[in-house]
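Participant: What follows is target_33.cif, made up of mmCIF, C-alpha atoms:
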```cif
data_data
loop_
_atom_site.label_atom_id
_atom_site.label_comp_id
_atom_site.auth_asym_id
_atom_site.auth_seq_id
_atom_site.Cartn_x
_atom_site.Cartn_y
_atom_site.Cartn_z
CA MET A 1 0.00 0.00 0.00
CA LYS A 2 1.41 3.35 -1.07
CA LEU A 3 0.40 6.96 -0.45
CA ARG A 4 -0.93 7.37 -3.99
CA GLU A 5 -3.34 4.44 -3.48
CA ILE A 6 -4.50 5.82 -0.13
CA ILE A 7 -5.25 9.25 -1.59
CA GLY A 8 -7.09 7.70 -4.55
CA SER A 9 -9.10 5.22 -2.50
CA GLU A 10 -12.67 5.48 -1.27
CA LYS A 11 -12.86 6.75 2.30
CA THR A 12 -15.50 5.74 4.79
CA GLY A 13 -16.30 6.48 8.43
CA ILE A 14 -15.05 10.07 8.15
CA LYS A 15 -14.95 11.80 11.52
CA ILE A 16 -13.89 15.41 11.96
CA SER A 17 -13.02 16.54 15.47
CA GLU A 18 -13.76 19.94 16.96
CA TRP A 19 -11.18 22.66 16.43
CA LYS A 20 -9.01 23.47 19.44
CA ASN A 21 -6.18 25.87 20.24
CA GLY A 22 -2.72 25.08 21.56
CA ALA A 23 -1.33 21.74 22.72
CA VAL A 24 -2.33 18.71 20.67
CA SER A 25 -3.36 15.94 23.02
CA ARG A 26 -1.35 12.76 22.59
CA PRO A 27 -4.26 10.38 21.86
CA SER A 28 -5.31 12.66 19.00
CA PHE A 29 -2.20 11.72 17.07
CA PRO A 30 -0.02 9.26 19.03
CA LEU A 31 3.69 9.37 18.22
CA SER A 32 5.74 7.07 20.44
CA ARG A 33 8.99 8.93 19.88
CA ALA A 34 7.58 12.23 21.11
CA LYS A 35 8.36 12.32 24.80
CA ALA A 36 6.13 15.23 25.75
CA ARG A 37 2.68 14.31 27.07
CA ALA A 38 1.16 16.64 24.52
CA TYR A 39 2.73 18.33 21.55
CA LYS A 40 3.07 21.80 22.98
CA TRP A 41 2.03 24.10 20.20
CA GLY A 42 1.24 27.62 21.37
CA SER A 43 -2.27 29.00 21.65
CA ALA A 44 -1.92 30.79 18.30
CA TYR A 45 -2.10 27.40 16.61
CA GLU A 46 -5.53 25.93 15.87
CA TRP A 47 -5.92 22.23 15.17
CA CYS A 48 -8.37 19.46 14.43
CA THR A 49 -8.20 15.87 13.22
CA VAL A 50 -9.93 14.01 10.39
CA ARG A 51 -10.19 10.25 10.84
CA PHE A 52 -11.24 7.83 8.14
CA SER A 53 -11.01 4.23 6.96
CA ALA A 54 -9.59 3.24 3.60
CA LEU A 55 -8.17 0.04 2.11
CA GLY A 56 -9.00 -1.78 5.34
CA GLN A 57 -6.89 0.54 7.50
CA GLU A 58 -7.51 3.50 9.80
CA PHE A 59 -5.98 6.88 9.01
CA CYS A 60 -5.81 10.25 10.70
CA VAL A 61 -4.99 13.70 9.36
CA LEU A 62 -3.79 16.24 11.91
CA ILE A 63 -4.48 19.78 10.67
CA LEU A 64 -2.50 22.55 12.36
CA CYS A 65 -2.99 26.18 11.35
CA ARG A 66 -1.66 29.56 12.30
CA PHE A 67 -3.46 31.95 10.04
CA GLY A 68 -1.57 35.11 11.12
CA ARG A 69 1.69 33.57 9.91
CA GLU A 70 0.14 31.80 6.89
CA ILE A 71 0.96 28.33 8.22
CA LEU A 72 -0.90 25.09 7.62
CA TYR A 73 0.36 21.57 8.26
CA ALA A 74 -1.86 18.62 7.29
CA THR A 75 -0.15 15.43 8.40
CA LEU A 76 -1.53 12.08 7.25
CA GLY A 77 -0.79 9.10 9.50
CA LEU A 78 -1.59 5.41 9.33
CA CYS A 79 -2.99 4.57 12.75
CA GLY A 80 -1.50 1.59 14.56
CA PRO A 81 -2.82 0.23 17.86
CA LYS A 82 -0.76 2.72 19.91
CA ASP A 83 1.32 4.57 17.38
CA THR A 84 1.20 6.37 14.03
CA GLN A 85 3.21 6.01 10.85
CA VAL A 86 3.48 9.45 9.28
CA LEU A 87 3.12 9.14 5.51
CA CYS A 88 2.73 12.69 4.26
CA SER A 89 2.61 16.28 5.41
CA TYR A 90 0.94 18.78 3.07
CA GLU A 91 2.11 22.24 4.06
CA PHE A 92 2.31 25.93 3.55
CA HIS A 93 4.30 28.26 5.71
CA GLY A 94 4.92 31.92 5.17
CA THR A 95 8.65 31.36 4.98
CA GLU A 96 8.40 28.83 2.10
CA PRO A 97 7.83 29.66 -1.58
CA GLY A 98 4.58 27.70 -1.87
CA TRP A 99 2.49 24.65 -1.02
CA HIS A 100 4.61 21.53 -0.74
CA CYS A 101 4.68 18.03 0.73
CA HIS A 102 7.01 15.93 2.82
CA LEU A 103 6.15 12.36 1.92
CA THR A 104 7.29 8.86 1.24
CA CYS A 105 6.59 7.21 -2.11
CA GLU A 106 7.57 3.79 -0.76
CA SER A 107 5.24 1.16 0.65
CA VAL A 108 3.88 2.02 4.10
CA THR A 109 5.57 -1.13 5.43
CA THR A 110 8.93 0.65 5.11
CA VAL A 111 7.89 3.65 7.22
CA PRO A 112 9.08 3.64 10.84
CA ALA A 113 6.33 4.48 13.31
CA GLY A 114 6.29 7.16 15.94
CA ALA A 115 8.10 10.16 14.46
CA MET A 116 6.67 13.21 12.72
CA ARG A 117 9.44 13.28 10.14
CA GLY A 118 12.59 11.41 9.22
CA PRO A 119 15.06 10.68 6.48
CA TRP A 120 12.59 8.32 4.80
CA MET A 121 10.54 11.37 3.70
CA ARG A 122 11.33 13.65 0.78
CA ARG A 123 10.18 17.14 -0.02
CA LEU A 124 8.09 17.63 -3.16
CA PRO A 125 8.63 19.80 -5.05
CA GLY A 126 12.32 20.13 -4.17
CA ALA A 127 13.06 23.25 -2.15
CA ARG A 128 14.63 25.06 -5.10
CA GLU A 129 12.19 23.75 -7.70
CA PHE A 130 9.14 25.48 -9.11
CA HIS A 131 6.16 25.65 -6.72
CA ARG A 132 2.86 25.69 -8.58
CA ARG A 133 0.67 27.13 -5.83
CA LYS A 134 2.39 30.12 -4.32
CA SER A 135 -0.30 31.87 -2.30
CA PHE A 136 -1.75 30.70 0.99
CA GLY A 137 -5.33 31.69 0.16
CA ILE A 138 -6.74 30.54 3.49
CA SER A 139 -8.06 32.71 6.27
CA ASN A 140 -10.37 30.54 8.33
CA ARG A 141 -10.92 27.02 9.65
CA GLY A 142 -13.52 26.08 7.04
CA GLN A 143 -11.21 26.94 4.16
CA ALA A 144 -8.34 25.12 5.82
CA LEU A 145 -10.41 21.97 6.32
CA GLN A 146 -11.69 22.01 2.73
CA LYS A 147 -8.18 22.46 1.35
CA VAL A 148 -6.99 19.41 3.27
CA LEU A 149 -10.03 17.27 2.41
CA ASP A 150 -9.53 18.08 -1.29
CA PHE A 151 -5.83 17.27 -1.19
CA TYR A 152 -6.24 13.88 0.50
CA GLY A 153 -9.30 12.95 -1.60
CA ILE A 154 -11.69 12.89 1.35
CA SER A 155 -15.25 13.54 0.24
CA LEU A 156 -17.95 14.23 2.80
CA LYS A 157 -20.64 13.51 0.22
CA GLY A 158 -21.88 9.93 0.03
CA PRO A 159 -21.59 7.89 -3.17
CA LEU A 160 -24.32 8.44 -5.79
CA LEU A 161 -27.09 5.90 -5.54
CA MET B 1 34.63 37.99 -4.95
CA LYS B 2 32.77 39.94 -2.24
CA GLU B 3 29.81 40.42 -4.53
CA GLU B 4 29.68 36.72 -5.33
CA LEU B 5 29.86 35.82 -1.65
CA CYS B 6 27.10 38.32 -0.84
CA LYS B 7 24.99 36.80 -3.62
CA ALA B 8 25.57 33.30 -2.27
CA PHE B 9 24.52 34.35 1.24
CA CYS B 10 21.63 36.63 0.32
CA GLY B 11 20.45 35.41 -3.09
CA ASP B 12 17.83 33.14 -1.57
CA LEU B 13 16.61 35.69 0.95
CA ALA B 14 12.91 36.41 0.45
CA VAL B 15 10.53 38.60 2.44
CA ARG B 16 6.74 38.29 2.35
CA GLN B 17 4.04 40.22 4.08
CA VAL B 18 1.81 38.04 6.28
CA PRO B 19 -0.98 39.24 8.60
CA ASP B 20 1.30 39.15 11.68
CA GLY B 21 4.25 40.98 10.08
CA LEU B 22 7.04 39.94 7.73
CA ALA B 23 7.98 36.35 6.90
CA VAL B 24 11.65 36.02 6.01
CA ARG B 25 13.08 33.03 4.18
CA THR B 26 16.84 32.41 4.19
CA GLY B 27 19.03 30.25 1.98
CA PHE B 28 19.79 27.90 4.87
CA ARG B 29 17.86 24.64 5.06
CA ARG B 30 16.73 22.20 7.71
CA PRO B 31 17.51 18.50 7.19
CA ASP B 32 13.97 18.00 5.83
CA GLY B 33 14.57 20.50 3.00
CA ASP B 34 12.49 23.40 4.34
CA ALA B 35 14.13 26.79 4.61
CA ILE B 36 15.23 28.31 7.89
CA GLY B 37 12.90 31.27 8.24
CA PHE B 38 11.70 33.74 10.83
CA PHE B 39 9.13 36.46 11.35
CA VAL B 40 9.53 40.16 12.12
CA VAL B 41 6.60 41.27 14.26
CA ASP B 42 5.69 44.45 16.12
CA ASP B 43 6.52 44.27 19.80
CA PRO B 44 3.18 44.06 21.64
CA VAL B 45 4.45 46.12 24.60
CA TYR B 46 6.80 48.73 23.09
CA PRO B 47 5.34 50.57 20.07
CA GLY B 48 7.93 51.21 17.37
CA LEU B 49 10.06 48.26 18.42
CA PHE B 50 10.13 44.82 16.84
CA ARG B 51 10.82 41.23 17.75
CA LEU B 52 12.19 38.38 15.71
CA GLU B 53 10.26 35.16 16.27
CA ASP B 54 10.20 31.65 14.92
CA ASP B 55 6.88 30.23 13.70
CA GLY B 56 6.14 28.78 17.15
CA GLY B 57 6.80 25.37 15.73
CA THR B 58 10.55 24.84 16.14
CA ILE B 59 10.44 23.21 19.55
CA PRO B 60 7.06 21.36 19.19
CA PHE B 61 8.24 20.00 15.85
CA LEU B 62 11.55 18.80 17.29
CA GLU B 63 9.66 17.14 20.14
CA ALA B 64 7.28 15.42 17.71
CA CYS B 65 10.35 14.08 15.90
CA GLY B 66 11.66 12.54 19.13
CA VAL B 67 13.89 15.21 20.69
CA ASP B 68 13.40 15.03 24.43
CA PHE B 69 13.89 18.47 25.96
CA SER B 70 12.93 17.20 29.39
CA THR B 71 16.36 15.63 29.88
CA ASP B 72 18.84 17.81 31.77
CA ALA B 73 21.44 17.61 28.99
CA ARG B 74 19.07 18.67 26.21
CA LYS B 75 17.43 21.35 28.37
CA ALA B 76 20.85 22.80 29.20
CA ALA B 77 21.96 22.64 25.56
CA LEU B 78 18.87 24.56 24.47
CA GLN B 79 19.27 27.13 27.24
CA ASP B 80 22.93 27.68 26.30
CA LEU B 81 21.97 28.12 22.67
CA LEU B 82 19.27 30.68 23.55
CA ALA B 83 21.54 32.57 25.95
CA GLU B 84 24.35 32.79 23.38
CA SER B 85 21.91 34.30 20.90
CA GLY B 86 20.21 36.67 23.33
CA ALA B 87 16.88 34.96 22.69
CA GLU B 88 14.29 33.35 24.94
CA PHE B 89 11.82 30.51 24.68
CA ASP B 90 8.27 31.38 25.68
CA GLU B 91 7.03 28.03 27.00
CA LEU B 92 3.41 29.12 27.05
CA GLU B 93 3.40 30.05 23.37
CA SER B 94 6.18 27.62 22.38
CA THR B 95 7.86 30.49 20.60
CA ILE B 96 11.51 31.42 20.32
CA ARG B 97 11.91 35.20 20.24
CA THR B 98 14.39 38.02 20.70
CA LYS B 99 14.11 40.94 23.06
CA PRO B 100 12.48 44.12 21.65
CA LEU B 101 14.69 45.60 18.92
CA SER B 102 14.88 48.91 17.10
CA LYS B 103 14.71 48.94 13.33
CA GLU B 104 18.47 49.61 13.20
CA GLU B 105 19.25 46.62 15.39
CA LEU B 106 17.18 44.21 13.29
CA PRO B 107 19.65 43.17 10.54
CA ARG B 108 22.48 42.16 12.88
CA ALA B 109 20.05 40.48 15.30
CA ALA B 110 18.55 38.60 12.34
CA MET B 111 21.93 37.02 11.55
CA THR B 112 22.27 35.80 15.13
CA PHE B 113 18.67 34.58 15.18
CA VAL B 114 19.12 32.59 11.96
CA ALA B 115 22.26 30.99 13.44
CA LEU B 116 20.18 30.02 16.49
CA LEU B 117 17.45 28.41 14.35
CA LEU B 118 20.03 26.64 12.22
CA ARG B 119 21.76 25.23 15.28
CA SER B 120 18.39 24.21 16.77
CA SER B 121 17.74 22.12 13.70
CA ASP B 122 20.86 20.09 14.53
CA PHE B 123 18.78 18.51 17.29
CA LEU B 124 16.58 17.12 14.50
CA LEU B 125 19.51 15.79 12.49
CA LEU B 126 20.84 13.97 15.50
CA THR B 127 17.44 12.51 16.31
CA GLN B 128 16.71 11.41 12.76
CA GLU B 129 19.90 9.38 12.77
CA ARG B 130 18.95 7.99 16.12
CA VAL B 131 15.39 7.21 15.03
CA VAL B 132 16.66 4.92 12.33
CA SER B 133 19.66 3.39 13.96
CA ALA B 134 19.83 3.87 17.73
CA PHE B 135 17.75 0.84 18.63
CA LYS B 136 19.51 -1.34 16.08
CA GLN B 137 23.01 -0.17 17.00
CA ASP B 138 22.38 -0.40 20.71
CA ALA B 139 20.90 -3.90 20.57
CA ALA B 140 23.58 -5.17 18.14
CA GLU B 141 26.33 -3.83 20.41
CA ARG B 142 24.87 -5.55 23.47
CA LEU B 143 24.53 -8.84 21.60
CA ARG B 144 28.13 -8.64 20.37
CA GLU B 145 29.34 -7.98 23.92
CA ARG B 146 27.25 -10.80 25.29
CA LEU B 147 27.99 -13.48 22.69
CA GLN B 148 31.50 -12.65 21.45
CA GLY B 149 33.68 -15.74 21.81
CA ARG B 150 30.73 -17.97 22.60
CA ALA B 151 29.18 -17.98 19.13
CA VAL B 152 30.29 -16.99 15.65
CA ILE B 153 28.54 -13.73 14.78
CA GLU B 154 27.82 -12.82 11.16
CA GLU B 155 26.13 -9.61 10.05
CA ASN B 156 24.07 -9.06 6.90
CA MET B 157 24.83 -12.57 5.62
CA PRO B 158 22.38 -15.31 4.60
CA VAL B 159 21.78 -17.85 7.33
CA SER B 160 22.04 -20.70 4.83
CA ALA B 161 23.12 -21.13 1.22
CA ARG B 162 19.65 -22.58 0.57
CA LEU B 163 17.98 -19.42 1.90
CA PRO B 164 19.62 -16.54 0.07
CA GLU B 165 16.47 -14.46 -0.59
CA VAL B 166 16.20 -12.79 2.79
CA ILE B 167 19.25 -11.51 4.64
CA PRO B 168 19.00 -11.37 8.44
CA ASP B 169 20.61 -8.50 10.32
CA MET B 170 22.67 -10.90 12.42
CA VAL B 171 23.31 -14.66 12.46
CA PHE B 172 24.68 -16.45 15.53
CA ARG B 173 26.29 -19.90 15.23
CA ALA B 174 27.12 -21.69 18.48
CA ILE B 175 28.66 -25.16 18.65
CA GLY B 176 26.04 -27.88 19.01
CA ARG B 177 23.15 -25.47 18.46
CA ALA B 178 20.99 -24.50 15.49
CA PRO B 179 22.02 -21.13 13.99
CA VAL B 180 19.87 -18.18 14.99
CA ALA B 181 18.84 -15.63 12.35
CA LEU B 182 18.00 -12.30 13.98
CA PHE B 183 15.94 -9.51 12.39
CA PHE B 184 15.63 -6.10 14.03
CA GLY B 185 11.96 -5.18 13.89
CA THR B 186 12.45 -1.60 12.72
CA THR B 187 9.66 -1.77 10.14
CA SER B 188 6.77 -4.11 9.27
CA GLN B 189 8.80 -5.15 6.25
CA ARG B 190 11.58 -6.56 8.43
CA VAL B 191 9.12 -8.48 10.62
CA ASN B 192 7.55 -9.90 7.46
CA ASP B 193 11.04 -10.79 6.19
CA ALA B 194 11.61 -12.83 9.34
CA ILE B 195 8.28 -14.64 8.89
CA PHE B 196 9.11 -15.26 5.22
CA LEU B 197 12.50 -16.78 6.12
CA GLN B 198 10.85 -19.04 8.68
CA MET B 199 8.20 -20.19 6.18
CA ALA B 200 10.72 -20.63 3.32
CA ASN B 201 12.83 -22.82 5.57
CA ALA B 202 9.86 -24.87 6.75
CA LEU B 203 8.62 -25.46 3.20
CA GLU B 204 11.81 -25.68 1.13
CA ALA B 205 15.20 -25.73 2.83
CA HIS B 206 14.35 -27.73 6.01
CA ASP B 207 17.50 -26.48 7.74
CA ASP B 208 17.80 -26.67 11.49
CA LEU B 209 17.64 -23.00 12.41
CA ALA B 210 15.78 -20.53 14.60
CA VAL B 211 14.41 -17.20 13.37
CA VAL B 212 14.04 -14.40 15.90
CA THR B 213 12.83 -10.84 15.50
CA LEU B 214 13.64 -8.24 18.13
CA LEU B 215 10.98 -5.52 18.33
CA GLU B 216 11.71 -2.09 19.69
CA ASN B 217 8.07 -1.53 20.53
CA GLU B 218 5.25 -3.89 19.66
CA GLY B 219 2.84 -0.93 19.48
CA MET B 220 4.53 0.08 16.21
CA PHE B 221 2.95 -2.87 14.43
CA SER B 222 -0.54 -4.14 13.85
CA ARG B 223 -1.83 -6.74 16.27
CA ASP B 224 -2.19 -9.17 13.34
CA LEU B 225 1.46 -8.84 12.37
CA VAL B 226 2.67 -9.29 15.95
CA SER B 227 0.42 -12.38 16.29
CA ARG B 228 1.74 -13.83 13.03
CA ALA B 229 5.31 -13.29 14.18
CA MET B 230 4.72 -14.71 17.67
CA ASN B 231 2.95 -17.78 16.31
CA ARG B 232 5.62 -18.62 13.74
CA LEU B 233 9.03 -17.44 14.94
CA ALA B 234 11.23 -19.04 17.58
CA SER B 235 11.05 -15.90 19.68
CA VAL B 236 9.81 -12.29 19.44
CA PRO B 237 11.44 -10.40 22.34
CA VAL B 238 10.68 -6.71 22.89
CA TYR B 239 13.54 -4.29 23.54
CA ARG B 240 11.48 -2.10 25.82
CA ARG B 241 13.21 0.69 27.75
CA GLY B 242 14.20 -0.61 31.18
CA ASP B 243 13.83 -4.22 30.11
CA GLU B 244 16.48 -4.40 27.39
CA ASP B 245 18.58 -6.94 29.33
CA ALA B 246 15.72 -9.44 29.41
CA ALA B 247 15.31 -9.16 25.64
CA ILE B 248 19.05 -9.71 25.09
CA ARG B 249 19.02 -12.68 27.52
CA ARG B 250 16.11 -14.21 25.59
CA ILE B 251 18.15 -14.12 22.36
CA GLU B 252 21.19 -15.45 24.22
CA GLU B 253 19.09 -18.40 25.37
CA GLU B 254 18.06 -19.06 21.82
CA VAL B 255 21.70 -19.02 20.66
CA LEU B 256 23.36 -20.94 23.51
CA GLY B 257 20.54 -22.84 25.15
CA ARG B 258 18.69 -22.17 28.35
CA HIS B 259 21.37 -23.32 30.83
CA THR B 260 24.46 -21.68 29.39
CA THR B 261 23.53 -18.02 29.63
CA LEU B 262 25.61 -15.61 31.70
CA HIS B 263 24.12 -13.96 34.77
#
```
Re-express the file's structure as structure tokens.
Facilitator:
Amino acid sequence: MKLREIIGSEKTGIKISEWKNGAVSRPSFPLSRAKARAYKWGSAYEWCTVRFSALGQEFCVLILCRFGREILYATLGLCGPKDTQVLCSYEFHGTEPGWHCHLTCESVTTVPAGAMRGPWMRRLPGAREFHRRKSFGISNRGQALQKVLDFYGISLKGPLL
Amino acid sequence: MKEELCKAFCGDLAVRQVPDGLAVRTGFRRPDGDAIGFFVVDDPVYPGLFRLEDDGGTIPFLEACGVDFSTDARKAALQDLLAESGAEFDELESTIRTKPLSKEELPRAAMTFVALLLRSSDFLLLTQERVVSAFKQDAAERLRERLQGRAVIEENMPVSARLPEVIPDMVFRAIGRAPVALFFGTTSQRVNDAIFLQMANALEAHDDLAVVTLLENEGMFSRDLVSRAMNRLASVPVYRRGDEDAAIRRIEEEVLGRHTTLH
């Protein structure tokens, strides 16, 4: 199973959490290598999670935003029993030239669990390469959520009967 | 020459307006490929003065990658780094920032602040290396210490000429005992490799051997995979913090037999 298949697959059981500010509670996105009880983002950060099932597995997207600095991180993880394998982070930050991803193109079986990022991930496009989408274009939670749902191919509409 | 050097240092510098102030991108990069950047924001207390801040993500991001700032050594290293740069870490907002600065002080302070952020990212580099290899290196070292001279130890070699498809991380051969093929369970793939070797031997080679996988943390894998491994392999010890010795002893027993282990 690879990231491309996950993004292209049909998603079911979609659950979107409430938005909160500040520290991300550990059960919301468990990472065994993070020693802190919660990931201590400041109160200027707003976050929520989107959980769904696809290809017989459970996934979670952690969305972290700081609108005043034009920052959005949308991190897709494959949920294990007590840990998460981070597969992709779709991002914009004001200090980068445009929207980009940190991802692995390899099978999820090769991805170590428990860390937000590692040498198994690559940046696309490359840091010095052309970035197609250069503007942030997001100013509220609704727009942020929709951007992430679109990117990961998560549709809230049911299939046509 | 000076012009070329200036171009090399500043050519990638970019400044964008964001709602909170100015976002500045430098030509320096973190190990993950993103640029080292910072923000220039108005000081909330002193009108007309400014602060340089990170995005409020440097420390939370490092922690989410496995850097443990609760240890005395790491805490002290971070404090030294901040003190050298005249910056502070606001724990409540998880933000690294300078003291209030005048417009004239900004450029020089920016150089120091970038150096601070660059050096902070070294914590990530160190941890990334450790993420991949610390468990493996640590466990391999303990096994070498424990079994050197009591078993022949081979690394990254097939356990048998009839089983060349999957290469174990370590093979232990003790006199009068079946060889032990050890896989470090760093990924699901390696646990599956161990199961594959066991099955290939049972169905095709029929060699007398034991296949063991050492897990760092069974929570990293699905319950199904752990069950499959436990039900098929000779042993699936867990190298849990505080109980590493027991895991090493379990492998030692597999290599030498139950009554010849050291205590």
Participant: Report as an MDAnalysis selection string the residues that result from applying the PyMOL selection byres ((chain B) within 6 of (chain A)) to the structure here.
Facilitator: chainID B and resid 18:20 23:25 37 60 63:66 68 93:94 128 187:189 219:220 222
Participant: Deliver the residues from the most recent selection as a file, using C-alpha atoms, as a short mmCIF file (atom, residue, chain, number, x, y, z; two decimals), in the coordinates of the input.
Facilitator:
```
data_model
loop_
_atom_site.label_atom_id
_atom_site.label_comp_id
_atom_site.auth_asym_id
_atom_site.auth_seq_id
_atom_site.Cartn_x
_atom_site.Cartn_y
_atom_site.Cartn_z
CA VAL B 18 1.81 38.04 6.28
CA PRO B 19 -0.98 39.24 8.60
CA ASP B 20 1.30 39.15 11.68
CA ALA B 23 7.98 36.35 6.90
CA VAL B 24 11.65 36.02 6.01
CA ARG B 25 13.08 33.03 4.18
CA GLY B 37 12.90 31.27 8.24
CA PRO B 60 7.06 21.36 19.19
CA GLU B 63 9.66 17.14 20.14
CA ALA B 64 7.28 15.42 17.71
CA CYS B 65 10.35 14.08 15.90
CA GLY B 66 11.66 12.54 19.13
CA ASP B 68 13.40 15.03 24.43
CA GLU B 93 3.40 30.05 23.37
CA SER B 94 6.18 27.62 22.38
CA GLN B 128 16.71 11.41 12.76
CA THR B 187 9.66 -1.77 10.14
CA SER B 188 6.77 -4.11 9.27
CA GLN B 189 8.80 -5.15 6.25
CA GLY B 219 2.84 -0.93 19.48
CA MET B 220 4.53 0.08 16.21
CA SER B 222 -0.54 -4.14 13.85
#
```
Participant: Might you pull out every residue within 7 Å of Asp54 (chain B), with only C-alpha atoms counted and same-chain residues fewer than 2 positions away left off, and present them as a list in words?
Facilitator: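 Counting only C-alpha atoms, the residues come to Phe38, Phe39, Gly56, Thr58, Thr95, Ile96 and Arg97 of chain B.
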Participant: For a test of reading the model, state the distance in Å between CA of Asp80 (chain B) and CA of Asp55 (chain B), rounded to one decimal.
Facilitator: 20.6 Å
Participant: Run through the PyMOL selection byres ((chain B and resi 42) around 12) on the given coordinates and return the selected residues as an NGL selection string.
Facilitator: :B and (19-22 or 39-41 or 43-53 or 97-103 or 106)
Participant: Which residue gives the smallest distance to Ser85 (chain B) among B:Ile36, B:Leu62, B:Leu116, B:Ile251, with only C-alpha atoms counted?
Facilitator: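 Nearest candidate to Ser85 (chain B) out of B:Ile36, B:Leu62, B:Leu116, B:Ile251: B:Leu116.
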Participant: Have a look at A:Cys88, A:Arg51, A:Gly98, A:Glu58 and name the one nearest to Lys2 (chain A); count all atoms listed in the file.
Facilitator: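 Residue with the minimum atom-to-atom distance to Lys2 (chain A): A:Cys88.
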Participant: Output the residue selection produced by the PyMOL selection byres ((chain A and resi 104) around 6) on the file above, formatted as a ChimeraX atom specification.
Facilitator: /A:87,103,105-106,121
Participant: Could you tell me how far CA of Val211 (chain B) sits from CA of Leu182 (chain B), in Å to one decimal place?
Facilitator: 6.1 Å
Participant: Dump as a list in words all residues having an atom at most 7 Å from (25.5, 30.7, 3.5), computed in the file's coordinates with all atoms listed in the file.
Facilitator: Ala8, Phe9, Gly27 and Phe28 of chain B
Participant: Could you write out the selected residues, including C-alpha atoms, as a short mmCIF file (atom, residue, chain, number, x, y, z; two decimals), in the frame of the given file?
Facilitator:
```cif
data_model
loop_
_atom_site.label_atom_id
_atom_site.label_comp_id
_atom_site.auth_asym_id
_atom_site.auth_seq_id
_atom_site.Cartn_x
_atom_site.Cartn_y
_atom_site.Cartn_z
CA ALA B 8 25.57 33.30 -2.27
CA PHE B 9 24.52 34.35 1.24
CA GLY B 27 19.03 30.25 1.98
CA PHE B 28 19.79 27.90 4.87
#
```
Participant: For CA of Met111 (chain B) and CA of Pro125 (chain A), quote the distance in Å rounded to one decimal.
Facilitator: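 It comes out at 27.4 Å.
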Participant: Measuring atom to atom with only C-alpha atoms, identify which of A:Ser53, A:Ser155, A:Ser25, A:Gln143 is nearest to Leu72 (chain A).
Facilitator: A:Gln143
Participant: Fewer than 3 positions away in the same chain doesn't count, so skip those; otherwise give me all residues within 9 Å of Ile195 (chain B), counting only C-alpha atoms, as a list in words.
Facilitator: Arg190, Val191, Asn192, Gln198, Met199, Ala200, Val211, Thr213, Arg228, Ala229, Arg232 and Leu233 of chain B
Participant: Could you check the closest approach to Pro164 (chain B) for each of B:Leu197, B:Leu214, B:Gln137, B:Glu252 and tell me which residue wins, using all atoms listed in the file?
Facilitator: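 Counting all atoms listed in the file, the residue closest to Pro164 (chain B) is B:Leu197.
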Participant: Name the closest residue to Val171 (chain B) among the candidates B:Glu84, B:Asp138, B:Glu154, B:Glu244; distances are taken between atoms, counting all atoms listed in the file.
Facilitator: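 The answer is B:Glu154, which sits nearest to Val171 (chain B).
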Participant: From the list A:Pro27, A:Gly77, A:Gly137, A:Gly153, which residue is nearest Gly8 (chain A) when using only C-alpha atoms?
Facilitator: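 Counting only C-alpha atoms, the residue closest to Gly8 (chain A) is A:Gly153.
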Participant: If we count only C-alpha atoms, what is near Tyr239 (chain B) at a cut-off of 7 Å, once residues fewer than 4 positions away on the same chain are taken out, given as a ChimeraX atom specification?
Facilitator: /B:214-217,243-244,247
Participant: Emit the selected residues as a JSON list (two decimals), keeping the file's coordinate frame, including C-alpha atoms.
Facilitator:
```
[["chain", "number", "residue", "atom", "x", "y", "z"],
["B", 214, "LEU", "CA", 13.64, -8.24, 18.13],
["B", 215, "LEU", "CA", 10.98, -5.52, 18.33],
["B", 216, "GLU", "CA", 11.71, -2.09, 19.69],
["B", 217, "ASN", "CA", 8.07, -1.53, 20.53],
["B", 243, "ASP", "CA", 13.83, -4.22, 30.11],
["B", 244, "GLU", "CA", 16.48, -4.40, 27.39],
["B", 247, "ALA", "CA", 15.31, -9.16, 25.64]]
```
